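Asker: Take a look at the following structure, please.
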Amino acid sequence: MTIRRTEQDELAEQDQLIVEHLPVVGYHVSEMIRRVPAHVQRDELAAAGSLALVQAARAFDPELGVPFGRYAAVRVRGAIVDELRGMDWASRGARQRARQLTATSDSLTAALGRKPTREELAAAMDIDAAEVEAIRGDAERRVLSLEADDSNVAGTLSSDALGPEERLLVDEKLHYLAAAVVELPDRLRQVVEELFFHDRPVVELAAELGVTQSRISQLRSQALSMLKDGINSSLAPELAPAPAPAPGVAERRRQAYYAAVAERAAGAASRSAESRVRAERPSLVADAV
């Protein structure tokens with residue numbers, strides 16, 4: 001007697017991996033959010049990390065001998081870093097000041113034959129020394145935010161960090177996340193799937209779609225915003241945008257998207273529950289071979 005594995009069984013196992021390792025997403029989001037400006041939204045980083053975790057579970061091959069936790073941590077952190085890069089969160093003024101500081105430092109180094117002091121840089125730029133440090137701090141914080149290596153810590157996170165009730169809540173959120181992706185408008189869904197599920201470079205996807213790289217970043221941000229609102233509309237309505245008093249075409253489309261996400265997620269949750277029941281009662285699905 002053998003138990004025939006079905007596609008739904010495999011998906012149920014992958015969903016379990018996702019639920020068990022969701023703390024990896026929370027860890028990396030918390031690490032990154034401390035190092036970036038306040039206007040960077042935690043939800044956007046969490047959405048990018050969660051999508052990467054789903055992708056990691058779908059693509060994971062246990063025969064490679066690599067623990068899933070370590071594999072997922074690398075994928076999640078990479079997605080969050082890519083999301084930060086795509087945001088280009090340093091303001092135009094901050095980037096301009098950083099370039100000016102670098103140019104001034106290079107000029108003074110050539111003239112003095114050594115690296116200039118903070119006071120010399122301040123005098124050359126007609127600012128005070130504290131502002132020089134502030135400009136340097138902005139640039140260094142950007143580098144640290146994107147490049148700090150903390151994957152070893154994330155890879156050791158316990159999969160037991162969630163209790164039974166929390167696991168059920170997370171499982172529900174994952175159903176809504178998957179449904180929200182599927183129900184996205186075609187172009188936005190394509191961008192999300194290609195960037196997060198297939199690891200396509202932005203430049204390659206932009207060329208394929210015949211748009212600029214900045215347009216791909218805009219579409220990605222729009223898609224992540226829709227994903228967040230689509231999930232919140234059912235699980236946290238107080239966080240979703242309030243319906244317009246006189247709904248126009250855009251509002252009707254938004255409400256239709258919310259309804260489609262809720263319906264698909266409910267169906268997925270029902271199928272997942274049925275799979276768990278079959279897994280707990282193998283005699284119901286066993287076939288003689």
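Labels for the structure tokens follow display order: chains A, B, ..., residues from 1 in each chain, ligands from 1.
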Write out as a PyMOL selection string which residues come within 6 Å of segment 65-77 of chain A when counting only C-alpha atoms, dropping same-chain ones fewer than 6 positions away.
Answerer: chain A and resi 49+52-53+56+155
Asker: Emit the selected residues as a short mmCIF file (atom, residue, chain, number, x, y, z; two decimals), in the first residue's frame, including N, CA and C atoms.
Answerer:
```
data_model
loop_
_atom_site.label_atom_id
_atom_site.label_comp_id
_atom_site.auth_asym_id
_atom_site.auth_seq_id
_atom_site.Cartn_x
_atom_site.Cartn_y
_atom_site.Cartn_z
N GLY A 49 8.88 40.63 0.98
CA GLY A 49 9.48 39.48 1.64
C GLY A 49 8.56 38.27 1.64
N ALA A 52 8.53 36.62 -1.69
CA ALA A 52 9.76 35.86 -1.89
C ALA A 52 9.71 34.54 -1.12
N LEU A 53 9.10 34.56 0.07
CA LEU A 53 8.98 33.33 0.84
C LEU A 53 8.09 32.32 0.12
N ALA A 56 10.09 30.93 -2.66
CA ALA A 56 11.11 30.00 -2.17
C ALA A 56 10.50 28.63 -1.89
N GLY A 155 18.97 32.81 9.29
CA GLY A 155 18.91 31.40 8.96
C GLY A 155 18.73 30.50 10.17
#
```
Asker: Tell me, as a list of chain:residue names, which residues lie within 7 Å of Ala260 of chain A, counting only C-alpha atoms; anything in the same chain fewer than 4 positions away does not count.
Answerer: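 Those residues are A:Glu183, A:Ala256, A:Arg264.
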Asker: Which residue, A:His28, A:Tyr258, A:Ala12, A:Ala79, has the smallest gap to Val182 of chain A when you use only C-alpha atoms?
Answerer: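 So, comparing all the options, the nearest one is A:Tyr258.
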Asker: Pick out the residues sitting within 10 Å of Pro116 of chain A, and hand them over as number ranges by chain; count only C-alpha atoms, and ignore anything fewer than 4 positions along from it in its own chain.
Answerer: A: 104-112, 120-122
Asker: So that I can see what lies close to segment 241-251 of chain A, please list as a list in words the residues with an atom at most 12 Å from it, counting only C-alpha atoms and leaving out residues fewer than 2 positions away in the same chain.
Answerer: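 The contact residues come out as Ser225, Met226, Lys228, Asp229, Gly230, Ile231, Asn232, Ser233, Ser234, Ala236, Pro237, Glu238, Leu239, Arg253, Arg254, Gln255, Ala256, Tyr257 and Tyr258 of chain A.
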Asker: Mind giving me the straight-line distance from atom CA of Ala130 of chain A to atom CA of Arg35 of chain A in Å, one decimal?
Answerer: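 These two atoms are separated by 20.1 Å.
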